[in-house]
>>> print(open('protein_2.txt').read())   # compact mmCIF, C-alpha atoms
# COMPACT_ATOMS: atom_id res chain seq x y z
CA MET A 514 127.93 -0.62 -64.54
CA THR A 515 127.67 -1.52 -68.24
CA GLY A 516 129.00 0.24 -71.30
CA MET A 517 129.97 -2.95 -73.10
CA ALA A 518 129.10 -3.20 -76.79
CA GLY A 519 125.74 -4.83 -77.38
CA ASP A 520 124.73 -4.49 -73.74
CA ILE A 521 121.98 -1.91 -73.95
CA PRO A 522 120.82 -1.07 -70.43
CA ARG A 523 117.10 -0.67 -69.86
CA SER A 524 116.03 0.79 -66.56
CA ASP A 525 113.56 -2.05 -65.93
CA GLN A 526 116.37 -4.61 -66.16
CA PHE A 527 117.60 -3.40 -62.81
CA GLU A 528 114.11 -3.56 -61.26
CA ARG A 529 113.34 -7.09 -62.44
CA PRO A 530 113.09 -9.82 -59.80
CA ARG A 531 116.13 -12.11 -59.77
CA PHE A 532 117.56 -15.00 -57.74
CA THR A 533 121.29 -14.88 -57.06
CA ALA A 534 123.82 -16.62 -54.81
CA SER A 535 124.60 -13.25 -53.26
CA GLY A 536 120.89 -12.89 -52.36
CA VAL A 537 120.95 -16.36 -50.77
CA ARG A 538 124.01 -15.43 -48.68
CA ARG A 539 122.52 -12.10 -47.58
CA GLY A 540 119.18 -13.70 -46.69
CA SER A 541 120.86 -16.42 -44.64
CA ARG A 542 122.78 -13.82 -42.61
CA GLU A 543 120.01 -11.23 -42.21
CA ILE A 544 117.49 -13.71 -40.77
CA ALA A 545 119.90 -15.09 -38.12
CA PRO A 546 118.84 -12.83 -35.20
CA ILE A 547 115.18 -13.52 -36.00
CA ALA A 548 115.72 -17.23 -36.67
CA ALA A 549 116.91 -17.64 -33.08
CA PHE A 550 113.22 -17.66 -32.08
CA VAL A 551 112.90 -21.08 -33.71
CA ILE A 552 115.29 -22.62 -31.15
CA PRO A 553 112.82 -22.88 -28.23
CA PHE A 554 110.10 -24.27 -30.54
CA GLY A 555 112.51 -26.79 -32.06
CA ILE A 556 113.65 -27.89 -28.62
CA ALA A 557 110.03 -28.08 -27.44
CA PHE A 558 109.11 -30.22 -30.45
CA GLY A 559 112.05 -32.57 -29.85
CA VAL A 560 111.05 -32.94 -26.19
CA ALA A 561 107.36 -33.49 -27.01
CA ALA A 562 108.18 -36.07 -29.70
CA PHE A 563 110.52 -37.88 -27.29
CA ALA A 564 107.74 -37.91 -24.67
CA LYS A 565 105.46 -39.53 -27.30
CA GLY A 566 107.96 -42.38 -27.70
CA ILE A 567 109.26 -41.17 -31.07
CA SER A 568 112.96 -41.89 -31.53
CA PRO A 569 115.28 -38.89 -32.01
CA GLY A 570 116.08 -40.14 -35.54
CA ILE A 571 112.41 -39.95 -36.58
CA SER A 572 111.71 -36.57 -34.94
CA VAL A 573 114.80 -35.05 -36.57
CA PHE A 574 113.70 -36.57 -39.91
CA MET A 575 110.27 -34.90 -39.39
CA SER A 576 111.97 -31.52 -38.97
CA ILE A 577 114.15 -32.11 -42.05
CA ALA A 578 111.33 -33.30 -44.33
CA ILE A 579 108.22 -31.45 -43.08
CA TYR A 580 109.82 -28.31 -41.56
CA ALA A 581 106.55 -26.75 -40.38
CA GLY A 582 106.39 -26.47 -36.59
CA ALA A 583 102.68 -26.12 -35.84
CA SER A 584 101.75 -29.04 -38.10
CA GLN A 585 104.50 -31.23 -36.61
CA PHE A 586 103.08 -30.59 -33.13
CA ALA A 587 99.59 -31.40 -34.43
CA ALA A 588 100.88 -34.67 -35.94
CA LEU A 589 102.18 -35.81 -32.53
CA ASP A 590 98.57 -36.03 -31.27
CA LEU A 591 97.82 -38.59 -34.01
CA TRP A 592 101.05 -40.58 -33.66
CA TYR A 593 99.98 -44.08 -32.59
CA ALA A 594 100.01 -47.54 -34.18
CA PRO A 595 98.59 -48.15 -36.71
CA LEU A 596 99.25 -44.62 -37.99
CA PRO A 597 95.99 -42.92 -39.14
CA LEU A 598 97.48 -41.73 -42.46
CA ALA A 599 94.37 -40.00 -43.86
CA THR A 600 93.69 -38.06 -40.66
CA LEU A 601 97.36 -37.16 -40.33
CA ALA A 602 97.51 -35.88 -43.92
CA LEU A 603 94.32 -33.80 -43.59
CA THR A 604 95.40 -32.31 -40.27
CA VAL A 605 98.80 -31.33 -41.64
CA LEU A 606 97.10 -29.91 -44.77
CA ALA A 607 94.73 -27.81 -42.61
CA VAL A 608 97.50 -26.39 -40.45
CA ASN A 609 99.78 -25.73 -43.43
CA ALA A 610 97.15 -24.43 -45.87
CA ARG A 611 98.30 -20.93 -44.86
CA HIS A 612 101.44 -21.58 -46.95
CA ILE A 613 99.17 -21.31 -50.02
CA LEU A 614 98.33 -17.77 -48.91
CA LEU A 615 102.00 -16.89 -48.35
CA GLY A 616 102.93 -18.30 -51.77
CA ALA A 617 100.07 -16.44 -53.45
CA ALA A 618 101.24 -13.19 -51.84
CA LEU A 619 104.75 -13.79 -53.21
CA ALA A 620 103.47 -14.83 -56.67
CA PRO A 621 103.64 -11.41 -58.42
CA TRP A 622 107.35 -11.48 -57.62
CA LEU A 623 108.25 -15.17 -57.95
CA LEU A 624 106.40 -15.74 -61.25
CA GLN A 625 109.00 -13.49 -62.89
CA ILE A 626 111.95 -15.76 -62.07
CA PRO A 627 112.79 -19.11 -63.78
CA ILE A 628 110.75 -22.09 -62.56
CA VAL A 629 113.59 -24.15 -61.04
CA ARG A 630 114.77 -21.20 -58.93
CA ARG A 631 111.15 -20.36 -58.10
CA LEU A 632 110.59 -23.88 -56.73
CA ALA A 633 113.90 -23.72 -54.83
CA ALA A 634 112.86 -20.43 -53.22
CA LEU A 635 109.53 -21.96 -52.14
CA LEU A 636 110.89 -25.24 -50.74
CA LEU A 637 111.81 -23.61 -47.43
CA LEU A 638 108.90 -21.14 -47.19
CA SER A 639 107.77 -20.42 -43.62
CA ASP A 640 105.94 -17.64 -41.75
CA ALA A 641 109.21 -16.11 -40.55
CA ASN A 642 111.22 -16.02 -43.77
CA PHE A 643 108.05 -14.86 -45.56
CA ALA A 644 107.73 -11.96 -43.11
CA HIS A 645 111.41 -11.09 -43.52
CA THR A 646 111.25 -11.30 -47.33
CA MET A 647 108.13 -9.11 -47.53
CA ALA A 648 109.81 -6.53 -45.24
CA VAL A 649 112.96 -6.25 -47.40
CA ARG A 650 110.83 -6.25 -50.56
CA ASP A 651 108.97 -3.22 -49.17
CA ARG A 652 112.36 -1.49 -49.02
CA GLY A 653 113.00 -2.17 -52.72
CA GLU A 654 114.78 -5.55 -52.62
CA THR A 655 114.45 -7.47 -55.94
CA ASP A 656 116.48 -10.62 -55.19
CA ALA A 657 114.31 -13.69 -54.40
CA GLY A 658 117.48 -15.46 -53.23
CA ILE A 659 116.69 -13.69 -49.93
CA LEU A 660 113.68 -16.02 -49.47
CA PHE A 661 115.73 -19.18 -50.02
CA GLY A 662 118.74 -18.00 -47.96
CA SER A 663 116.62 -16.93 -44.99
CA GLY A 664 114.67 -20.23 -45.28
CA LEU A 665 117.94 -22.16 -45.27
CA THR A 666 119.07 -20.62 -41.98
CA MET A 667 115.62 -21.21 -40.41
CA TRP A 668 115.62 -24.84 -41.65
CA ILE A 669 119.07 -25.67 -40.26
CA ILE A 670 118.29 -24.07 -36.88
CA TRP A 671 114.96 -25.96 -36.77
CA ILE A 672 116.71 -29.30 -37.43
CA VAL A 673 119.52 -28.71 -34.93
CA SER A 674 117.20 -27.46 -32.18
CA THR A 675 114.87 -30.46 -32.71
CA ALA A 676 117.89 -32.73 -32.25
CA VAL A 677 118.90 -30.88 -29.08
CA GLY A 678 115.35 -31.17 -27.73
CA ALA A 679 115.04 -34.86 -28.61
CA LEU A 680 118.35 -35.72 -26.98
CA ALA A 681 118.56 -33.43 -23.97
CA GLY A 682 115.61 -30.97 -23.89
CA SER A 683 113.74 -32.87 -21.20
CA LEU A 684 116.44 -31.71 -18.77
CA LEU A 685 115.54 -28.01 -19.32
CA GLY A 686 112.07 -28.25 -17.79
CA ASP A 687 109.42 -25.57 -18.46
CA LEU A 688 110.56 -23.28 -21.31
CA SER A 689 108.09 -20.51 -20.36
CA ARG A 690 110.48 -19.76 -17.46
CA PHE A 691 112.75 -18.15 -20.06
CA GLY A 692 109.94 -16.32 -21.87
CA PHE A 693 110.61 -18.47 -24.95
CA ASP A 694 106.90 -19.18 -25.45
CA ALA A 695 106.35 -15.44 -26.12
CA VAL A 696 109.04 -15.04 -28.78
CA MET A 697 106.94 -15.85 -31.85
CA VAL A 698 103.92 -13.67 -30.95
CA ALA A 699 106.20 -10.79 -29.92
CA TYR A 700 108.01 -10.92 -33.26
CA PHE A 701 104.82 -11.23 -35.33
CA THR A 702 103.35 -8.30 -33.37
CA ALA A 703 106.37 -6.19 -34.33
CA VAL A 704 105.97 -7.14 -38.02
CA ILE A 705 102.24 -6.26 -37.97
CA VAL A 706 102.93 -2.87 -36.33
CA GLY A 707 105.66 -2.27 -38.92
CA TRP A 708 103.16 -2.87 -41.74
CA TRP A 709 100.61 -0.43 -40.30
CA LYS A 710 100.14 2.36 -42.88
CA GLY A 711 97.36 4.41 -41.26
CA ARG A 712 93.81 4.44 -39.90
CA SER A 713 92.34 2.86 -43.04
CA ASP A 714 94.14 -0.37 -42.00
CA LEU A 715 92.17 -0.53 -38.76
CA PHE A 716 89.07 -2.17 -40.27
CA PRO A 717 90.87 -4.99 -42.17
CA PHE A 718 93.21 -5.69 -39.23
CA VAL A 719 90.47 -5.81 -36.59
CA THR A 720 88.19 -7.89 -38.84
CA ALA A 721 90.94 -10.44 -39.47
CA ALA A 722 91.71 -10.69 -35.75
CA ALA A 723 88.02 -11.07 -34.80
CA VAL A 724 87.38 -13.79 -37.40
CA ALA A 725 90.54 -15.69 -36.37
CA VAL A 726 89.56 -15.66 -32.69
CA ALA A 727 85.96 -16.70 -33.46
CA GLY A 728 87.35 -19.39 -35.79
CA THR A 729 89.24 -21.08 -32.95
CA TYR A 730 85.82 -21.94 -31.43
CA VAL A 731 83.93 -23.07 -34.54
CA LEU A 732 86.50 -24.28 -37.10
CA PRO A 733 88.75 -27.38 -37.20
CA ALA A 734 92.29 -26.84 -35.85
CA GLY A 735 94.39 -24.54 -38.04
CA TRP A 736 91.54 -23.22 -40.20
CA HIS A 737 90.97 -20.05 -38.12
CA ILE A 738 94.20 -18.72 -39.66
CA ILE A 739 92.86 -19.29 -43.20
CA ALA A 740 89.50 -17.70 -42.30
CA GLY A 741 91.10 -14.62 -40.69
CA ALA A 742 93.49 -14.18 -43.62
CA LEU A 743 90.75 -14.43 -46.28
CA VAL A 744 88.44 -12.02 -44.44
CA GLY A 745 91.33 -9.59 -43.81
CA GLY A 746 92.17 -9.69 -47.53
CA ILE A 747 88.55 -9.05 -48.56
CA ALA A 748 88.25 -6.19 -46.04
CA GLY A 749 91.48 -4.70 -47.42
CA VAL A 750 90.13 -4.78 -51.01
CA TRP A 751 86.88 -3.21 -49.83
CA ARG A 752 88.85 -0.32 -48.27
CA HIS A 753 91.59 0.04 -50.89
CA GLY A 754 90.71 -1.86 -54.08
CA MET B 131 104.75 -48.61 -30.87
CA VAL B 132 105.00 -47.35 -34.45
CA ASP B 133 107.63 -49.26 -36.43
CA ALA B 134 110.36 -47.37 -38.29
CA VAL B 135 109.20 -48.17 -41.84
CA ALA B 136 105.62 -46.99 -41.12
CA ALA B 137 106.95 -43.87 -39.38
CA ILE B 138 109.29 -42.94 -42.25
CA SER B 139 106.52 -43.53 -44.83
CA ALA B 140 104.12 -41.32 -42.86
CA VAL B 141 106.70 -38.53 -42.55
CA VAL B 142 107.31 -38.68 -46.33
CA LEU B 143 103.54 -38.40 -46.94
CA LEU B 144 103.24 -35.40 -44.59
CA ALA B 145 106.29 -33.79 -46.21
CA LEU B 146 104.66 -34.11 -49.67
CA VAL B 147 101.41 -32.56 -48.39
CA THR B 148 103.37 -29.67 -46.86
CA MET B 149 105.42 -29.20 -50.02
CA ALA B 150 102.20 -28.96 -52.05
CA THR B 151 101.02 -26.08 -49.83
CA ARG B 152 104.38 -24.33 -50.28
CA VAL B 153 104.33 -24.37 -54.10
CA GLY B 154 100.51 -24.37 -54.46
CA GLY B 155 99.97 -20.65 -53.90
CA VAL B 156 102.35 -19.53 -56.62
CA TRP B 157 101.07 -22.24 -58.99
CA ILE B 158 97.45 -21.07 -58.55
CA MET B 159 98.46 -17.45 -59.11
CA SER B 160 100.12 -18.35 -62.44
CA TYR B 161 96.58 -18.98 -63.79
CA VAL B 162 94.97 -15.86 -62.31
CA ARG B 163 95.51 -12.32 -63.65
CA ILE B 164 97.08 -10.06 -61.04
CA THR B 165 95.05 -6.83 -61.03
CA PRO B 166 95.40 -3.97 -58.49
CA ARG B 167 92.41 -5.43 -56.64
CA VAL B 168 94.07 -8.86 -56.52
CA GLU B 169 97.27 -7.21 -55.31
CA ALA B 170 95.42 -5.32 -52.54
CA PHE B 171 93.75 -8.59 -51.58
CA LEU B 172 97.08 -10.44 -51.39
CA LYS B 173 98.75 -7.65 -49.45
CA TYR B 174 96.06 -7.55 -46.78
CA MET B 175 95.63 -11.32 -46.83
CA SER B 176 99.33 -11.87 -46.12
CA VAL B 177 99.51 -9.51 -43.14
CA SER B 178 96.21 -11.01 -41.94
CA VAL B 179 97.90 -14.43 -41.66
CA LEU B 180 100.23 -12.99 -39.02
CA ILE B 181 97.36 -11.04 -37.39
CA SER B 182 95.31 -14.26 -37.16
CA ILE B 183 98.16 -16.20 -35.53
CA VAL B 184 98.85 -13.43 -33.00
CA ALA B 185 95.15 -12.73 -32.25
CA ALA B 186 94.22 -16.39 -31.70
CA THR B 187 97.36 -17.17 -29.65
CA THR B 188 97.02 -14.04 -27.50
CA TRP B 189 93.29 -14.61 -26.96
CA ALA B 190 93.91 -18.14 -25.68
CA ALA B 191 96.91 -17.09 -23.52
CA GLY B 192 97.09 -15.35 -20.13
CA PRO B 193 98.11 -11.87 -18.88
CA ARG B 194 101.80 -12.74 -19.25
CA ILE B 195 101.52 -13.09 -23.04
CA TRP B 196 99.16 -10.08 -23.27
CA LEU B 197 101.89 -8.03 -21.54
CA ALA B 198 104.57 -9.38 -23.90
CA VAL B 199 102.50 -8.59 -27.03
CA GLY B 200 101.60 -5.10 -25.74
CA THR B 201 105.23 -4.32 -24.91
CA ALA B 202 106.46 -5.59 -28.30
CA ALA B 203 103.89 -3.35 -30.05
CA LEU B 204 104.94 -0.28 -28.02
CA VAL B 205 108.67 -0.89 -28.61
CA MET B 206 108.02 -1.34 -32.34
CA ILE B 207 105.99 1.92 -32.50
CA ALA B 208 108.77 3.79 -30.66
CA SER B 209 111.84 2.27 -32.34
CA ARG B 210 110.69 0.58 -35.62
CA ASN B 211 113.13 -2.21 -34.66
CA ALA B 212 111.49 -5.66 -34.96
CA VAL B 213 114.30 -7.64 -33.31
CA GLY B 214 114.42 -5.16 -30.41
CA ALA B 215 110.65 -5.41 -29.99
CA MET B 216 110.90 -9.22 -29.99
CA LEU B 217 113.69 -9.23 -27.39
CA VAL B 218 111.94 -6.76 -25.05
CA GLY B 219 108.62 -8.62 -25.41
CA THR B 220 110.32 -11.93 -24.57
CA THR B 221 112.17 -10.43 -21.61
CA VAL B 222 108.91 -9.03 -20.23
CA ALA B 223 107.34 -12.51 -20.56
CA ALA B 224 110.27 -14.07 -18.67
CA LEU B 225 110.13 -11.41 -15.90
CA ALA B 226 106.34 -11.73 -15.60
CA ARG B 227 106.77 -15.49 -15.24
CA ASN B 228 109.26 -15.01 -12.42
CA PHE B 229 106.89 -12.57 -10.68
CA GLY B 230 104.18 -15.22 -10.76
CA PHE B 231 101.84 -14.32 -13.68
>>> encode(input="protein_2.txt", output="structure tokens")
Amino acid sequence: MTGMAGDIPRSDQFERPRFTASGVRRGSREIAPIAAFVIPFGIAFGVAAFAKGISPGISVFMSIAIYAGASQFAALDLWYAPLPLATLALTVLAVNARHILLGAALAPWLLQIPIVRRLAALLLLSDANFAHTMAVRDRGETDAGILFGSGLTMWIIWIVSTAVGALAGSLLGDLSRFGFDAVMVAYFTAVIVGWWKGRSDLFPFVTAAAVAVAGTYVLPAGWHIIAGALVGGIAGVWRHG
Amino acid sequence: MVDAVAAISAVVLLALVTMATRVGGVWIMSYVRITPRVEAFLKYMSVSVLISIVAATTWAAGPRIWLAVGTAALVMIASRNAVGAMLVGTTVAALARNFGF
């Protein structure tokens, strides 16, 4: 691989996190079969926004600029004139606060790449490309371009499917007929099972699930995810730290 | 009716809030030392985000989604193929719907 004068290879050079165009291309291809699950949600969002009287141009702009499905759905509930900006901002913050957890989990890796590329990688962070990136990282991947590339594919599919929903989705009727409403939970279930390392994971996993479910009754919308994640993390440290 | 200028301004505001959550986690971690305990915490915290979403969604849903989640878990255990598990889980949800669940 090397051998050139002055290029002294150190084994850790090949282990160091990096961010390359080839990583971006690979990430954008690898996520494609998984990214298809965004289509029904994008269409559903376009339809729901259209039903709220939001023009296709604005709903597509939401998907371009915000690109966070659950929070975009939550914002529709507060979309009336005059727009309640403070409530809208806090609601979107609550639903999307889980991104902070995803970013923190990626930090040991991303803090080792240059800041501009680090920010680029994070711009399109979502649950799905996070899950994909963590899975390939477990297998020894060191290229953070994977995160950006997989985010890029997810983002484009989200925008296009929102446009389809806004323009024509109302003609499709009830999406649960096609099982589309089960796609995200089925995929996340597969990722969780894939992460299962043994019986010592039972306590943190069950605790996180119990707190999240209880949180849906007692916490503001979106915060049950934060509560479940924090408790699951603490339970994991208690068992493994 | 919300006028276009107000709508675009609101979307920009919500986009900035969302962007802050995307870069915020890494920014916070650049000021905190990453020890093995912190790493264990992050590892379990990150999988717990997905667990929380699945647990809360499944709890609030009906038997059709329970069946889809259960099938996806079984397929994943048997095959270790996440896309396969997703497809079979979704197909089960569609079939269950057509059989009236």
>>> closest_residue(input="protein_2.txt", among="A:Ala534, A:Met697, A:Ala617, A:Ala681", to="chain B", atoms="only C-alpha atoms")
A:Ala617
>>> closest_residue(input="protein_2.txt", among="B:Leu144, B:Ala170, B:Val156, B:Ile181", to="Thr720 in chain A", atoms="all atoms listed in the file")
B:Ile181
>>> residues_near_point(input="protein_2.txt", point="(95.3, -19.9, -33.4)", cutoff="8 Å", atoms="all atoms listed in the file", output="PDB file with C-alpha atoms, in the coordinates of the input")
ATOM      1  CA  ALA A 725      90.540 -15.690 -36.370  1.00  0.00           C
ATOM      2  CA  VAL A 726      89.560 -15.660 -32.690  1.00  0.00           C
ATOM      3  CA  THR A 729      89.240 -21.080 -32.950  1.00  0.00           C
ATOM      4  CA  ALA A 734      92.290 -26.840 -35.850  1.00  0.00           C
ATOM      5  CA  GLY A 735      94.390 -24.540 -38.040  1.00  0.00           C
ATOM      6  CA  HIS A 737      90.970 -20.050 -38.120  1.00  0.00           C
ATOM      7  CA  ILE A 738      94.200 -18.720 -39.660  1.00  0.00           C
TER       8      ILE A 738
ATOM      9  CA  SER B 182      95.310 -14.260 -37.160  1.00  0.00           C
ATOM     10  CA  ILE B 183      98.160 -16.200 -35.530  1.00  0.00           C
ATOM     11  CA  VAL B 184      98.850 -13.430 -33.000  1.00  0.00           C
ATOM     12  CA  ALA B 185      95.150 -12.730 -32.250  1.00  0.00           C
ATOM     13  CA  ALA B 186      94.220 -16.390 -31.700  1.00  0.00           C
ATOM     14  CA  THR B 187      97.360 -17.170 -29.650  1.00  0.00           C
TER      15      THR B 187
END
>>> atom_distance(input="protein_2.txt", atom1="CA of Ser541 in chain A", atom2="CA of Leu635 in chain A")
14.7 Å
>>> atom_distance(input="protein_2.txt", atom1="CA of Asn609 in chain A", atom2="CA of Asp590 in chain A")
16.0 Å
>>> residues_around(input="protein_2.txt", residues="Ala202 in chain B", least_positions_apart="5", cutoff="6 Å", atoms="all atoms listed in the file", output="PyMOL selection string")
(chain A and resi 699) or (chain B and resi 215-216+219)
>>> atom_distance(input="protein_2.txt", atom1="CA of Gly662 in chain A", atom2="CA of Arg538 in chain A")
5.9 Å
>>> residues_near_point(input="protein_2.txt", point="(105.4, -30.4, -53.2)", cutoff="12 Å", atoms="all atoms listed in the file", output="PDB file with C-alpha atoms, keeping the file's coordinate frame")
ATOM      1  CA  ALA A 578     111.330 -33.300 -44.330  1.00  0.00           C
ATOM      2  CA  ILE A 579     108.220 -31.450 -43.080  1.00  0.00           C
ATOM      3  CA  LEU A 606      97.100 -29.910 -44.770  1.00  0.00           C
ATOM      4  CA  HIS A 612     101.440 -21.580 -46.950  1.00  0.00           C
ATOM      5  CA  ILE A 613      99.170 -21.310 -50.020  1.00  0.00           C
ATOM      6  CA  LEU A 632     110.590 -23.880 -56.730  1.00  0.00           C
ATOM      7  CA  ALA A 633     113.900 -23.720 -54.830  1.00  0.00           C
ATOM      8  CA  LEU A 635     109.530 -21.960 -52.140  1.00  0.00           C
ATOM      9  CA  LEU A 636     110.890 -25.240 -50.740  1.00  0.00           C
ATOM     10  CA  LEU A 637     111.810 -23.610 -47.430  1.00  0.00           C
ATOM     11  CA  LEU A 638     108.900 -21.140 -47.190  1.00  0.00           C
TER      12      LEU A 638
ATOM     13  CA  VAL B 142     107.310 -38.680 -46.330  1.00  0.00           C
ATOM     14  CA  LEU B 143     103.540 -38.400 -46.940  1.00  0.00           C
ATOM     15  CA  LEU B 144     103.240 -35.400 -44.590  1.00  0.00           C
ATOM     16  CA  ALA B 145     106.290 -33.790 -46.210  1.00  0.00           C
ATOM     17  CA  LEU B 146     104.660 -34.110 -49.670  1.00  0.00           C
ATOM     18  CA  VAL B 147     101.410 -32.560 -48.390  1.00  0.00           C
ATOM     19  CA  THR B 148     103.370 -29.670 -46.860  1.00  0.00           C
ATOM     20  CA  MET B 149     105.420 -29.200 -50.020  1.00  0.00           C
ATOM     21  CA  ALA B 150     102.200 -28.960 -52.050  1.00  0.00           C
ATOM     22  CA  THR B 151     101.020 -26.080 -49.830  1.00  0.00           C
ATOM     23  CA  ARG B 152     104.380 -24.330 -50.280  1.00  0.00           C
ATOM     24  CA  VAL B 153     104.330 -24.370 -54.100  1.00  0.00           C
ATOM     25  CA  GLY B 154     100.510 -24.370 -54.460  1.00  0.00           C
ATOM     26  CA  GLY B 155      99.970 -20.650 -53.900  1.00  0.00           C
ATOM     27  CA  VAL B 156     102.350 -19.530 -56.620  1.00  0.00           C
ATOM     28  CA  TRP B 157     101.070 -22.240 -58.990  1.00  0.00           C
TER      29      TRP B 157
END
>>> closest_residue(input="protein_2.txt", among="B:Ala224, B:Val168, B:Ile138, B:Thr188", to="chain A", atoms="only C-alpha atoms")
B:Ala224
>>> closest_residue(input="protein_2.txt", among="A:Met575, A:Val629, A:Leu680, A:Val673", to="chain B", atoms="only C-alpha atoms")
A:Met575
>>> closest_residue(input="protein_2.txt", among="A:Ser568, A:Thr675, A:Ser713, A:Ser576", to="Asp133 in chain B", atoms="all atoms listed in the file")
A:Ser568
>>> closest_residue(input="protein_2.txt", among="A:Ala657, A:Val698, A:Val573, A:Ile628", to="Phe550 in chain A", atoms="only C-alpha atoms")
A:Val698
>>> residues_around(input="protein_2.txt", residues="Ile672 in chain A", least_positions_apart="4", cutoff="12 Å", atoms="all atoms listed in the file", output="PyMOL selection string")
chain A and resi 551-556+558-559+569-582+665-668+676-679
>>> axis_aligned_box(input="protein_2.txt", around="range 715-722 of chain A", padding_each_side="5 Å", output="lines of an AutoDock Vina configuration file")
center_x = 90.7
center_y = -5.6
center_z = -39.0
size_x = 15.0
size_y = 20.2
size_z = 16.4
>>> residues_around(input="protein_2.txt", residues="Thr533 in chain A", least_positions_apart="6", cutoff="9 Å", atoms="all atoms listed in the file", output="PyMOL selection string")
chain A and resi 656-659
>>> decode(input="protein_2.txt", residues="range 592-627 of chain A", atoms="C-alpha atoms", output="mmCIF file, in the first residue's frame")
data_model
loop_
_atom_site.group_PDB
_atom_site.id
_atom_site.type_symbol
_atom_site.label_atom_id
_atom_site.label_comp_id
_atom_site.auth_asym_id
_atom_site.auth_seq_id
_atom_site.Cartn_x
_atom_site.Cartn_y
_atom_site.Cartn_z
ATOM 1 C CA TRP A 592 -50.057 24.913 12.090
ATOM 2 C CA TYR A 593 -52.670 27.687 12.227
ATOM 3 C CA ALA A 594 -52.643 31.477 11.833
ATOM 4 C CA PRO A 595 -51.029 33.253 13.570
ATOM 5 C CA LEU A 596 -48.323 30.582 13.873
ATOM 6 C CA PRO A 597 -47.475 29.861 17.564
ATOM 7 C CA LEU A 598 -43.701 30.097 17.006
ATOM 8 C CA ALA A 599 -42.575 29.441 20.602
ATOM 9 C CA THR A 600 -44.800 26.377 21.013
ATOM 10 C CA LEU A 601 -43.779 25.089 17.593
ATOM 11 C CA ALA A 602 -40.067 25.488 18.394
ATOM 12 C CA LEU A 603 -40.352 23.776 21.807
ATOM 13 C CA THR A 604 -42.405 20.900 20.410
ATOM 14 C CA VAL A 605 -39.921 20.294 17.596
ATOM 15 C CA LEU A 606 -37.046 20.537 20.116
ATOM 16 C CA ALA A 607 -38.720 17.946 22.375
ATOM 17 C CA VAL A 608 -39.340 15.475 19.570
ATOM 18 C CA ASN A 609 -35.860 15.960 18.086
ATOM 19 C CA ALA A 610 -33.878 16.099 21.344
ATOM 20 C CA ARG A 611 -33.077 12.419 20.721
ATOM 21 C CA HIS A 612 -30.686 13.614 17.982
ATOM 22 C CA ILE A 613 -28.461 14.919 20.807
ATOM 23 C CA LEU A 614 -28.246 11.340 22.094
ATOM 24 C CA LEU A 615 -27.434 9.972 18.629
ATOM 25 C CA GLY A 616 -24.745 12.632 18.122
ATOM 26 C CA ALA A 617 -23.266 11.952 21.556
ATOM 27 C CA ALA A 618 -23.088 8.233 20.754
ATOM 28 C CA LEU A 619 -21.214 9.040 17.522
ATOM 29 C CA ALA A 620 -18.918 11.594 19.225
ATOM 30 C CA PRO A 621 -15.966 9.270 20.069
ATOM 31 C CA TRP A 622 -15.742 8.639 16.332
ATOM 32 C CA LEU A 623 -16.690 12.010 14.818
ATOM 33 C CA LEU A 624 -14.493 14.118 17.126
ATOM 34 C CA GLN A 625 -11.475 12.579 15.380
ATOM 35 C CA ILE A 626 -12.345 13.982 11.938
ATOM 36 C CA PRO A 627 -11.962 17.647 10.819
#
